[in-house]
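Coordinates as given in upload00.cif (mmCIF, C-alpha atoms):
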data_entry
loop_
_atom_site.group_PDB
_atom_site.id
_atom_site.type_symbol
_atom_site.label_atom_id
_atom_site.label_comp_id
_atom_site.auth_asym_id
_atom_site.auth_seq_id
_atom_site.Cartn_x
_atom_site.Cartn_y
_atom_site.Cartn_z
ATOM 1 C CA MET G 1 35.951 -166.333 26.746
ATOM 2 C CA ILE G 2 39.477 -165.539 25.634
ATOM 3 C CA VAL G 3 38.325 -162.171 24.317
ATOM 4 C CA VAL G 4 36.834 -161.219 27.710
ATOM 5 C CA ILE G 5 40.236 -161.878 29.283
ATOM 6 C CA THR G 6 41.849 -159.390 26.898
ATOM 7 C CA ALA G 7 39.253 -156.791 27.947
ATOM 8 C CA ILE G 8 40.073 -157.373 31.611
ATOM 9 C CA ILE G 9 43.820 -157.121 30.876
ATOM 10 C CA ALA G 10 43.278 -153.841 29.005
ATOM 11 C CA GLU G 11 41.075 -152.345 31.741
ATOM 12 C CA LEU G 12 43.349 -153.256 34.649
ATOM 13 C CA GLY G 13 46.474 -152.391 32.642
ATOM 14 C CA ALA G 14 45.125 -148.941 31.792
ATOM 15 C CA PHE G 15 44.404 -148.208 35.476
ATOM 16 C CA LEU G 16 47.871 -149.407 36.480
ATOM 17 C CA ILE G 17 49.694 -147.329 33.844
ATOM 18 C CA ALA G 18 47.491 -144.300 34.596
ATOM 19 C CA GLY G 19 48.528 -144.624 38.260
ATOM 20 C CA PHE G 20 52.218 -144.562 37.317
ATOM 21 C CA VAL G 21 51.701 -141.626 34.957
ATOM 22 C CA PHE G 22 49.841 -139.716 37.687
ATOM 23 C CA TYR G 23 52.720 -140.379 40.099
ATOM 24 C CA GLY G 24 55.207 -139.156 37.475
ATOM 25 C CA LEU G 25 53.192 -135.977 36.903
ATOM 26 C CA LYS G 26 53.061 -135.405 40.660
ATOM 27 C CA LEU G 27 56.847 -135.711 40.908
ATOM 28 C CA ARG G 28 57.382 -133.350 37.966
ATOM 29 C CA TYR G 29 54.751 -130.667 38.541
ATOM 30 C CA GLY G 30 53.221 -131.339 41.965
ATOM 31 C CA LEU G 31 49.908 -132.752 43.136
ATOM 32 C CA THR G 32 47.699 -129.847 41.978
ATOM 33 C CA VAL G 33 48.845 -130.015 38.356
ATOM 34 C CA ALA G 34 48.655 -133.826 38.355
ATOM 35 C CA LEU G 35 45.065 -133.662 39.626
ATOM 36 C CA PHE G 36 44.121 -130.997 37.073
ATOM 37 C CA PHE G 37 45.617 -133.169 34.325
ATOM 38 C CA LEU G 38 43.831 -136.355 35.453
ATOM 39 C CA LEU G 39 40.416 -134.899 36.291
ATOM 40 C CA GLY G 40 40.642 -132.649 33.227
ATOM 41 C CA SER G 41 41.177 -135.713 31.012
ATOM 42 C CA ILE G 42 37.954 -137.221 32.374
ATOM 43 C CA VAL G 43 35.955 -133.996 31.985
ATOM 44 C CA TRP G 44 37.480 -133.417 28.536
ATOM 45 C CA THR G 45 36.796 -136.835 27.003
ATOM 46 C CA THR G 46 33.558 -138.024 28.659
ATOM 47 C CA PRO G 47 31.169 -135.716 26.729
ATOM 48 C CA LEU G 48 32.708 -136.675 23.368
ATOM 49 C CA GLU G 49 32.677 -140.402 24.203
ATOM 50 C CA THR G 50 29.090 -140.160 25.481
ATOM 51 C CA LEU G 51 28.034 -138.408 22.300
ATOM 52 C CA GLY G 52 29.795 -141.012 20.134
ATOM 53 C CA ILE G 53 27.985 -143.853 21.904
ATOM 54 C CA SER G 54 24.606 -142.068 22.019
ATOM 55 C CA THR G 55 24.670 -141.286 18.307
ATOM 56 C CA GLY G 56 25.512 -144.893 17.455
ATOM 57 C CA SER G 57 29.060 -144.393 16.144
ATOM 58 C CA TYR G 58 30.417 -147.158 18.401
ATOM 59 C CA THR G 59 29.602 -149.257 21.451
ATOM 60 C CA TYR G 60 31.481 -150.549 24.506
ATOM 61 C CA SER G 61 28.870 -153.143 25.355
ATOM 62 C CA ALA G 62 30.103 -156.188 23.404
ATOM 63 C CA PHE G 63 31.003 -158.048 26.639
ATOM 64 C CA ALA G 64 27.852 -157.184 28.578
ATOM 65 C CA GLY G 65 26.739 -160.261 30.517
ATOM 66 C CA SER G 66 29.690 -162.369 29.321
ATOM 67 C CA LEU G 67 31.526 -162.688 32.663
ATOM 68 C CA TYR G 68 28.530 -162.970 35.001
ATOM 69 C CA ALA G 69 24.853 -161.985 34.902
ATOM 70 C CA GLY G 70 24.614 -158.206 35.013
ATOM 71 C CA TYR G 71 28.270 -157.647 34.046
ATOM 72 C CA PRO G 72 28.112 -154.383 32.097
ATOM 73 C CA GLY G 73 31.137 -155.164 29.900
ATOM 74 C CA TYR G 74 33.765 -153.455 32.073
ATOM 75 C CA PHE G 75 34.107 -152.962 35.818
ATOM 76 C CA VAL G 76 34.113 -149.156 36.279
ATOM 77 C CA TRP G 77 31.978 -146.728 34.309
ATOM 78 C CA ILE G 78 31.257 -143.016 34.172
ATOM 79 C CA GLY G 79 27.736 -142.932 32.800
ATOM 80 C CA ILE G 80 27.867 -144.984 29.604
ATOM 81 C CA VAL G 81 31.661 -144.707 29.165
ATOM 82 C CA PRO G 82 34.107 -147.207 30.743
ATOM 83 C CA LEU G 83 36.504 -145.238 32.987
ATOM 84 C CA TRP G 84 39.570 -147.004 31.580
ATOM 85 C CA ILE G 85 38.890 -145.308 28.237
ATOM 86 C CA GLU G 86 39.393 -141.921 29.912
ATOM 87 C CA MET G 87 42.506 -143.332 31.606
ATOM 88 C CA GLY G 88 43.809 -144.222 28.140
ATOM 89 C CA TRP G 89 43.262 -140.620 27.026
ATOM 90 C CA PHE G 90 45.040 -139.445 30.179
ATOM 91 C CA ILE G 91 48.077 -141.673 29.513
ATOM 92 C CA VAL G 92 48.359 -140.574 25.873
ATOM 93 C CA SER G 93 47.814 -136.853 26.559
ATOM 94 C CA ALA G 94 50.256 -136.769 29.492
ATOM 95 C CA SER G 95 53.029 -138.720 27.772
ATOM 96 C CA SER G 96 52.769 -136.778 24.498
ATOM 97 C CA PHE G 97 52.700 -133.519 26.483
ATOM 98 C CA MET G 98 55.838 -134.379 28.469
ATOM 99 C CA ILE G 99 57.875 -135.794 25.591
ATOM 100 C CA PHE G 100 57.564 -132.636 23.514
ATOM 101 C CA HIS G 101 56.973 -129.747 25.942
ATOM 102 C CA ASP G 102 59.421 -130.967 28.540
ATOM 103 C CA VAL G 103 62.187 -132.691 26.597
ATOM 104 C CA LEU G 104 62.273 -132.711 22.810
ATOM 105 C CA LEU G 105 60.763 -129.320 21.847
ATOM 106 C CA PRO G 106 60.904 -127.143 24.979
ATOM 107 C CA LYS G 107 61.673 -123.900 23.116
ATOM 108 C CA SER G 108 59.187 -124.287 20.275
ATOM 109 C CA ARG G 109 55.890 -122.452 19.948
ATOM 110 C CA THR G 110 52.996 -123.915 21.929
ATOM 111 C CA VAL G 111 50.834 -124.519 18.848
ATOM 112 C CA ALA G 112 53.677 -126.273 16.999
ATOM 113 C CA VAL G 113 54.337 -128.547 19.988
ATOM 114 C CA ALA G 114 50.606 -129.278 20.277
ATOM 115 C CA VAL G 115 50.496 -130.286 16.585
ATOM 116 C CA VAL G 116 53.372 -132.726 17.097
ATOM 117 C CA ALA G 117 51.724 -134.072 20.277
ATOM 118 C CA GLY G 118 48.488 -134.598 18.320
ATOM 119 C CA LEU G 119 50.326 -136.530 15.594
ATOM 120 C CA PHE G 120 52.103 -138.609 18.252
ATOM 121 C CA ALA G 121 48.702 -139.512 19.730
ATOM 122 C CA VAL G 122 47.319 -140.476 16.310
ATOM 123 C CA ASN G 123 50.354 -142.694 15.816
ATOM 124 C CA LEU G 124 49.689 -144.423 19.149
ATOM 125 C CA ASP G 125 46.023 -144.894 18.270
ATOM 126 C CA LEU G 126 46.995 -146.547 14.979
ATOM 127 C CA LEU G 127 48.154 -149.381 17.266
ATOM 128 C CA ILE G 128 45.436 -149.206 19.950
ATOM 129 C CA ASP G 129 42.271 -148.966 17.857
ATOM 130 C CA PRO G 130 42.872 -151.879 15.436
ATOM 131 C CA VAL G 131 43.896 -154.197 18.313
ATOM 132 C CA ALA G 132 40.964 -153.142 20.512
ATOM 133 C CA SER G 133 38.274 -153.334 17.848
ATOM 134 C CA SER G 134 39.575 -156.679 16.530
ATOM 135 C CA ASN G 135 39.075 -157.964 20.089
ATOM 136 C CA LYS G 136 35.612 -156.342 20.425
ATOM 137 C CA MET G 137 36.653 -153.974 23.229
ATOM 138 C CA TRP G 138 34.705 -151.458 21.244
ATOM 139 C CA GLU G 139 32.902 -151.869 17.953
ATOM 140 C CA TRP G 140 32.614 -149.272 15.215
ATOM 141 C CA LEU G 141 29.097 -149.130 13.819
ATOM 142 C CA GLY G 142 28.064 -147.782 10.451
ATOM 143 C CA PRO G 143 29.988 -147.411 7.198
ATOM 144 C CA SER G 144 32.780 -144.846 6.662
ATOM 145 C CA LEU G 145 36.162 -144.470 5.016
ATOM 146 C CA ASN G 146 38.551 -146.482 7.129
ATOM 147 C CA ILE G 147 42.104 -147.651 7.743
ATOM 148 C CA ILE G 148 42.284 -151.305 8.871
ATOM 149 C CA GLY G 149 38.607 -151.183 9.839
ATOM 150 C CA ILE G 150 38.901 -147.946 11.850
ATOM 151 C CA PRO G 151 37.030 -144.864 10.555
ATOM 152 C CA LEU G 152 39.265 -142.032 9.384
ATOM 153 C CA TYR G 153 37.281 -139.481 11.384
ATOM 154 C CA ASN G 154 38.366 -141.312 14.576
ATOM 155 C CA TYR G 155 41.952 -140.218 13.867
ATOM 156 C CA VAL G 156 40.774 -136.665 13.164
ATOM 157 C CA GLY G 157 39.152 -136.841 16.602
ATOM 158 C CA TRP G 158 42.306 -138.114 18.288
ATOM 159 C CA PHE G 159 44.383 -135.378 16.705
ATOM 160 C CA LEU G 160 41.967 -132.584 17.618
ATOM 161 C CA MET G 161 41.359 -133.765 21.176
ATOM 162 C CA ILE G 162 45.052 -134.136 22.055
ATOM 163 C CA PHE G 163 46.050 -130.964 20.138
ATOM 164 C CA LEU G 164 43.436 -128.822 21.918
ATOM 165 C CA TYR G 165 43.959 -130.390 25.359
ATOM 166 C CA ASP G 166 47.702 -129.813 25.029
ATOM 167 C CA ILE G 167 47.089 -126.114 24.360
ATOM 168 C CA ILE G 168 44.612 -125.825 27.249
ATOM 169 C CA ILE G 169 46.923 -127.564 29.739
ATOM 170 C CA TRP G 170 49.979 -125.519 28.737
ATOM 171 C CA ASN G 171 48.177 -122.166 28.816
ATOM 172 C CA THR G 172 46.028 -122.790 31.880
ATOM 173 C CA ILE G 173 47.670 -125.311 34.199
ATOM 174 C CA ILE G 174 51.432 -125.238 33.596
ATOM 175 C CA THR G 175 51.465 -121.481 32.949
ATOM 176 C CA PHE G 176 48.504 -119.141 32.990
ATOM 177 C CA LYS G 177 48.394 -117.305 29.673
ATOM 178 C CA GLN G 178 45.886 -115.576 27.528
ATOM 179 C CA ILE G 179 44.561 -117.634 24.621
ATOM 180 C CA LYS G 180 44.219 -114.989 21.909
ATOM 181 C CA ILE G 181 40.961 -116.162 20.355
ATOM 182 C CA LEU G 182 39.284 -116.247 23.772
ATOM 183 C CA SER G 183 40.882 -113.089 25.174
ATOM 184 C CA ALA G 184 37.920 -110.753 24.666
ATOM 185 C CA ILE G 185 35.495 -113.048 26.514
ATOM 186 C CA GLU G 186 37.968 -114.048 29.232
ATOM 187 C CA LYS G 187 38.903 -110.458 30.035
ATOM 188 C CA ARG G 188 35.259 -109.677 30.758
ATOM 189 C CA LEU G 189 34.327 -112.929 32.476
ATOM 190 C CA PHE G 190 37.406 -113.689 34.592
ATOM 191 C CA SER G 191 39.661 -110.616 34.288
ATOM 192 C CA ILE G 192 42.381 -112.839 32.774
ATOM 193 C CA LYS G 193 45.153 -110.651 31.389
ATOM 194 C CA ASP G 194 48.332 -111.678 29.516
ATOM 195 C CA THR G 195 50.731 -113.959 31.424
ATOM 196 C CA VAL G 196 50.143 -114.071 35.156
ATOM 197 C CA SER G 197 52.835 -115.295 37.515
ATOM 198 C CA SER G 198 50.469 -116.367 40.264
ATOM 199 C CA VAL G 199 46.777 -117.052 39.992
ATOM 200 C CA SER G 200 44.231 -118.296 42.501
ATOM 201 C CA LEU G 201 43.188 -121.937 42.323
ATOM 202 C CA GLY G 202 39.561 -120.899 41.830
ATOM 203 C CA LYS G 203 40.336 -118.680 38.860
ATOM 204 C CA ARG G 204 42.583 -121.338 37.329
ATOM 205 C CA ALA G 205 39.873 -123.995 37.706
ATOM 206 C CA THR G 206 37.224 -121.675 36.252
ATOM 207 C CA GLY G 207 39.471 -120.774 33.320
ATOM 208 C CA PHE G 208 40.247 -124.467 32.799
ATOM 209 C CA LEU G 209 36.567 -125.449 32.701
ATOM 210 C CA PHE G 210 35.638 -122.505 30.487
ATOM 211 C CA ARG G 211 38.388 -123.250 27.966
ATOM 212 C CA MET G 212 37.540 -126.959 27.931
ATOM 213 C CA LEU G 213 33.880 -126.135 27.316
ATOM 214 C CA VAL G 214 34.627 -123.790 24.404
ATOM 215 C CA PHE G 215 37.201 -126.090 22.768
ATOM 216 C CA GLU G 216 35.019 -129.170 23.353
ATOM 217 C CA ILE G 217 32.220 -127.558 21.330
ATOM 218 C CA VAL G 218 34.714 -126.714 18.562
ATOM 219 C CA ALA G 219 36.155 -130.262 18.613
ATOM 220 C CA ILE G 220 32.726 -131.945 18.539
ATOM 221 C CA PHE G 221 31.664 -129.737 15.616
ATOM 222 C CA LEU G 222 34.831 -130.521 13.628
ATOM 223 C CA ILE G 223 34.728 -134.250 14.382
ATOM 224 C CA LYS G 224 31.042 -134.416 13.397
ATOM 225 C CA LEU G 225 31.918 -132.578 10.188
ATOM 226 C CA ALA G 226 34.751 -135.046 9.511
ATOM 227 C CA SER G 227 32.422 -137.999 10.119
ATOM 228 C CA MET G 228 29.985 -136.615 7.533
ATOM 229 C CA VAL G 229 32.674 -135.887 4.949
ATOM 230 C CA LEU G 230 34.766 -139.040 5.380
ATOM 231 C CA MET J 231 78.032 -129.860 48.977
ATOM 232 C CA ASN J 232 75.977 -127.422 51.050
ATOM 233 C CA LYS J 233 72.365 -128.183 52.011
ATOM 234 C CA PRO J 234 70.423 -125.787 49.739
ATOM 235 C CA LYS J 235 72.340 -127.104 46.699
ATOM 236 C CA GLN J 236 71.703 -130.679 47.753
ATOM 237 C CA VAL J 237 67.960 -129.973 48.153
ATOM 238 C CA GLU J 238 67.944 -128.236 44.753
ATOM 239 C CA ARG J 239 69.661 -131.208 43.159
ATOM 240 C CA GLU J 240 67.275 -133.699 44.769
ATOM 241 C CA THR J 241 64.264 -131.669 43.577
ATOM 242 C CA SER J 242 65.684 -131.574 40.068
ATOM 243 C CA GLU J 243 66.321 -135.337 40.132
ATOM 244 C CA ASN J 244 62.742 -135.942 41.315
ATOM 245 C CA LYS J 245 61.421 -133.811 38.448
ATOM 246 C CA ASN J 246 63.572 -135.752 35.961
ATOM 247 C CA THR J 247 62.335 -139.055 37.359
ATOM 248 C CA GLY J 248 58.756 -137.791 37.075
ATOM 249 C CA THR J 249 59.219 -136.849 33.429
ATOM 250 C CA LYS J 250 60.779 -140.237 32.646
ATOM 251 C CA ILE J 251 57.906 -142.086 34.337
ATOM 252 C CA VAL J 252 55.293 -140.159 32.331
ATOM 253 C CA ILE J 253 57.192 -140.688 29.061
ATOM 254 C CA SER J 254 57.434 -144.394 29.898
ATOM 255 C CA GLY J 255 53.614 -144.374 30.020
ATOM 256 C CA ALA J 256 53.570 -144.333 26.213
ATOM 257 C CA LEU J 257 55.958 -147.307 26.095
ATOM 258 C CA ALA J 258 53.948 -149.149 28.751
ATOM 259 C CA SER J 259 50.808 -148.596 26.647
ATOM 260 C CA ILE J 260 52.500 -150.226 23.669
ATOM 261 C CA VAL J 261 53.506 -153.196 25.839
ATOM 262 C CA LEU J 262 49.935 -153.484 27.163
ATOM 263 C CA TRP J 263 48.444 -153.592 23.661
ATOM 264 C CA LEU J 264 51.058 -156.085 22.495
ATOM 265 C CA ILE J 265 50.046 -158.318 25.423
ATOM 266 C CA VAL J 266 46.386 -157.944 24.411
ATOM 267 C CA LEU J 267 47.350 -158.847 20.859
ATOM 268 C CA ALA J 268 49.321 -161.881 22.045
ATOM 269 C CA VAL J 269 46.436 -163.162 24.191
ATOM 270 C CA GLY J 270 43.573 -162.188 21.888
ATOM 271 C CA ASN J 271 42.668 -162.198 18.214
ATOM 272 C CA PRO J 272 44.917 -160.985 15.394
ATOM 273 C CA ILE J 273 44.207 -157.546 13.942
ATOM 274 C CA LYS J 274 41.574 -157.606 11.204
ATOM 275 C CA PRO J 275 42.136 -157.876 8.211
ATOM 276 C CA PHE J 276 45.446 -159.663 8.874
ATOM 277 C CA SER J 277 45.115 -163.418 8.765
ATOM 278 C CA SER J 278 47.894 -164.361 11.195
ATOM 279 C CA SER J 279 49.441 -163.257 14.476
ATOM 280 C CA ALA J 280 52.806 -162.776 12.745
ATOM 281 C CA GLU J 281 51.317 -160.223 10.333
ATOM 282 C CA SER J 282 49.509 -158.487 13.191
ATOM 283 C CA PHE J 283 52.705 -158.218 15.230
ATOM 284 C CA GLY J 284 54.571 -156.991 12.163
ATOM 285 C CA TYR J 285 52.030 -154.176 11.803
ATOM 286 C CA ALA J 286 52.036 -153.448 15.556
ATOM 287 C CA PHE J 287 55.826 -153.133 15.771
ATOM 288 C CA ALA J 288 56.108 -151.117 12.559
ATOM 289 C CA ILE J 289 53.405 -148.648 13.592
ATOM 290 C CA SER J 290 54.837 -148.329 17.131
ATOM 291 C CA ALA J 291 58.379 -147.644 15.925
ATOM 292 C CA PRO J 292 58.146 -143.813 15.869
ATOM 293 C CA ILE J 293 56.749 -143.760 19.420
ATOM 294 C CA ILE J 294 59.419 -146.112 20.720
ATOM 295 C CA ILE J 295 62.175 -144.110 18.997
ATOM 296 C CA LEU J 296 60.888 -140.711 20.237
ATOM 297 C CA SER J 297 60.408 -141.973 23.800
ATOM 298 C CA ILE J 298 63.892 -143.472 23.944
ATOM 299 C CA LEU J 299 65.316 -140.313 22.343
ATOM 300 C CA ALA J 300 63.658 -138.180 25.026
ATOM 301 C CA ILE J 301 64.944 -140.335 27.873
ATOM 302 C CA THR J 302 68.452 -140.410 26.337
ATOM 303 C CA LYS J 303 68.424 -136.615 25.975
ATOM 304 C CA MET J 304 67.498 -136.259 29.644
ATOM 305 C CA ASN J 305 70.256 -138.644 30.729
ATOM 306 C CA ARG J 306 72.834 -136.713 28.669
ATOM 307 C CA ALA J 307 71.707 -133.405 30.178
ATOM 308 C CA LYS J 308 72.022 -134.905 33.644
ATOM 309 C CA LYS J 309 75.551 -136.215 32.896
ATOM 310 C CA LYS J 310 76.604 -132.749 31.703
ATOM 311 C CA LEU J 311 75.409 -131.227 34.965
ATOM 312 C CA THR J 312 77.281 -133.734 37.103
#
As structure tokens:
Amino acid sequence: MIVVITAIIAELGAFLIAGFVFYGLKLRYGLTVALFFLLGSIVWTTPLETLGISTGSYTYSAFAGSLYAGYPGYFVWIGIVPLWIEMGWFIVSASSFMIFHDVLLPKSRTVAVAVVAGLFAVNLDLLIDPVASSNKMWEWLGPSLNIIGIPLYNYVGWFLMIFLYDIIIWNTIITFKQIKILSAIEKRLFSIKDTVSSVSLGKRATGFLFRMLVFEIVAIFLIKLASMVL
Amino acid sequence: MNKPKQVERETSENKNTGTKIVISGALASIVLWLIVLAVGNPIKPFSSSAESFGYAFAISAPIIILSILAITKMNRAKKKLT
């Protein structure tokens, strides 16, 4: 029973902190950017989480039926992923983004800042994952190289997902810049040229979704590769 | 102080507050997971809560330091302006 209480604390706590972080983003950048950041986090992480669960890497169902009959393990879900997991990603991506882009490294190159943000996220997950899996909030299935019971490829995943999301957010939502490796396709598809001072909401949203789709495929490929190697 | 400057200053203060709230999200996350650790099981493979907390604090140190550094830097910048 005590373990179920920790799951409830984590779920409610994540929603509460995500609410504060959303409010902070709204104060700093306005409602549109805050919404892009929040909804983007959900769109960005749900496919990867769904894939991880579907392929049997881990499960979120350890508490199913433990609180009452039909209790799915957590209160709010998006498909087979508990929503508070996406809120966790949102909190980590937003706070790492702000610390480095806004305050500590505002004049550094975007890629360099994204690398540091990715490492910051890995550092935070070195706390979160061991505590969560020791309390069965999620369970890693299958053998792999690990640190304190957590597969190494999980940290590769954290780094890549925060690193790439940081780059997407900076180049699409905060500013609207060309991403060099995508420039040829984007010029044809959306007429996106170099830096644009003002861009329509529709074009920004389309660019955001397109970039997330492309980078998501890259991230999933690399994480899968890491899980096979490690 | 004339009105446009006052509005500008209030907007800037709101932005600063926003940044601090988001940065505090990382610290709040650490607190949340420490609460979970306090209520729940120790981290495997550690045998005791003391060892688990030792690990948790040690691993969280860089995040705590960077977050506090960022907030301190913002406060200093604000003092310079005023």
Legend entry - 7 Å contacts from chain J to chain G using all atoms listed in the file, as a PyMOL selection string: chain J and resi 244-246+248-249+251-253+255-256+258+262-263+266-267+269-275+286+289-290+297+300
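If you look at atom CA of G:Ala219 and atom CA of G:Ser183, they are 19.0 Å away from each other.
Shortest separation to J:Val261 among J:Phe287, J:Pro234, J:Met304, J:Leu299 occurs at residue J:Phe287, atoms counted being only C-alpha atoms.
Distance-wise, atom CA of G:Tyr60 and atom CA of G:Pro82 end up 7.5 Å apart.
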Using the chain letters and numbers from this file, what does the PyMOL selection byres ((chain G and resi 41-55) around 7) select? Give the answer as a compact mmCIF listing (two decimals) with C-alpha atoms, in the coordinates of the input.
# COMPACT_ATOMS: atom_id res chain seq x y z
CA PHE G 37 45.62 -133.17 34.33
CA LEU G 38 43.83 -136.35 35.45
CA LEU G 39 40.42 -134.90 36.29
CA GLY G 40 40.64 -132.65 33.23
CA GLY G 56 25.51 -144.89 17.45
CA SER G 57 29.06 -144.39 16.14
CA TYR G 58 30.42 -147.16 18.40
CA THR G 59 29.60 -149.26 21.45
CA ILE G 80 27.87 -144.98 29.60
CA VAL G 81 31.66 -144.71 29.16
CA GLU G 86 39.39 -141.92 29.91
CA TRP G 89 43.26 -140.62 27.03
CA PHE G 90 45.04 -139.44 30.18
CA MET G 212 37.54 -126.96 27.93
CA ILE G 220 32.73 -131.94 18.54
Inset, instruction - Can you work out the spacing between atom CA of G:Ala114 and atom CA of G:Leu164 in Å, to one decimal? - result: 7.4 Å
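Minimum atom-to-atom distance to J:Ile260, evaluated using all atoms listed in the file, belongs to J:Ala291 out of J:Ala291, J:Leu311, J:Ala280, J:Ile298.
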Inset, instruction - Find the spatial neighbours of G:Gly73, counting only C-alpha atoms, within a cut-off of 7 Å - ignore same-chain residues fewer than 2 positions away - and output them as a PyMOL selection string. - result: chain G and resi 61-65+71+75
Using all atoms of stretch 197-203 of chain G that appear in the file, construct an axis-aligned enclosing box with 8 Å of padding on every side and provide its centre coordinates and edge lengths in Å, rounded to one decimal, as lines of an AutoDock Vina configuration file.
center_x = 46.2
center_y = -118.6
center_z = 40.0
size_x = 29.3
size_y = 22.6
size_z = 21.0
Inset, instruction - Name the residues in contact with G:Lys177 at a cut-off of 12 Å, using all atoms listed in the file, excluding same-chain residues fewer than 2 positions from it; report them as a ChimeraX atom specification. - result: /G:110,167-175,179-183,186-187,191-199,204,207-208,211
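In this comparison, which uses all atoms listed in the file, the residue of J:Gly284, J:Ile293, J:Lys303, J:Gln236 approaching J:Leu257 most closely is J:Ile293.
The nearest approach to J:Ser259 among the residues G:Leu189, G:Met87, G:Met161, G:Leu225, with only C-alpha atoms taken into account, belongs to G:Met87.
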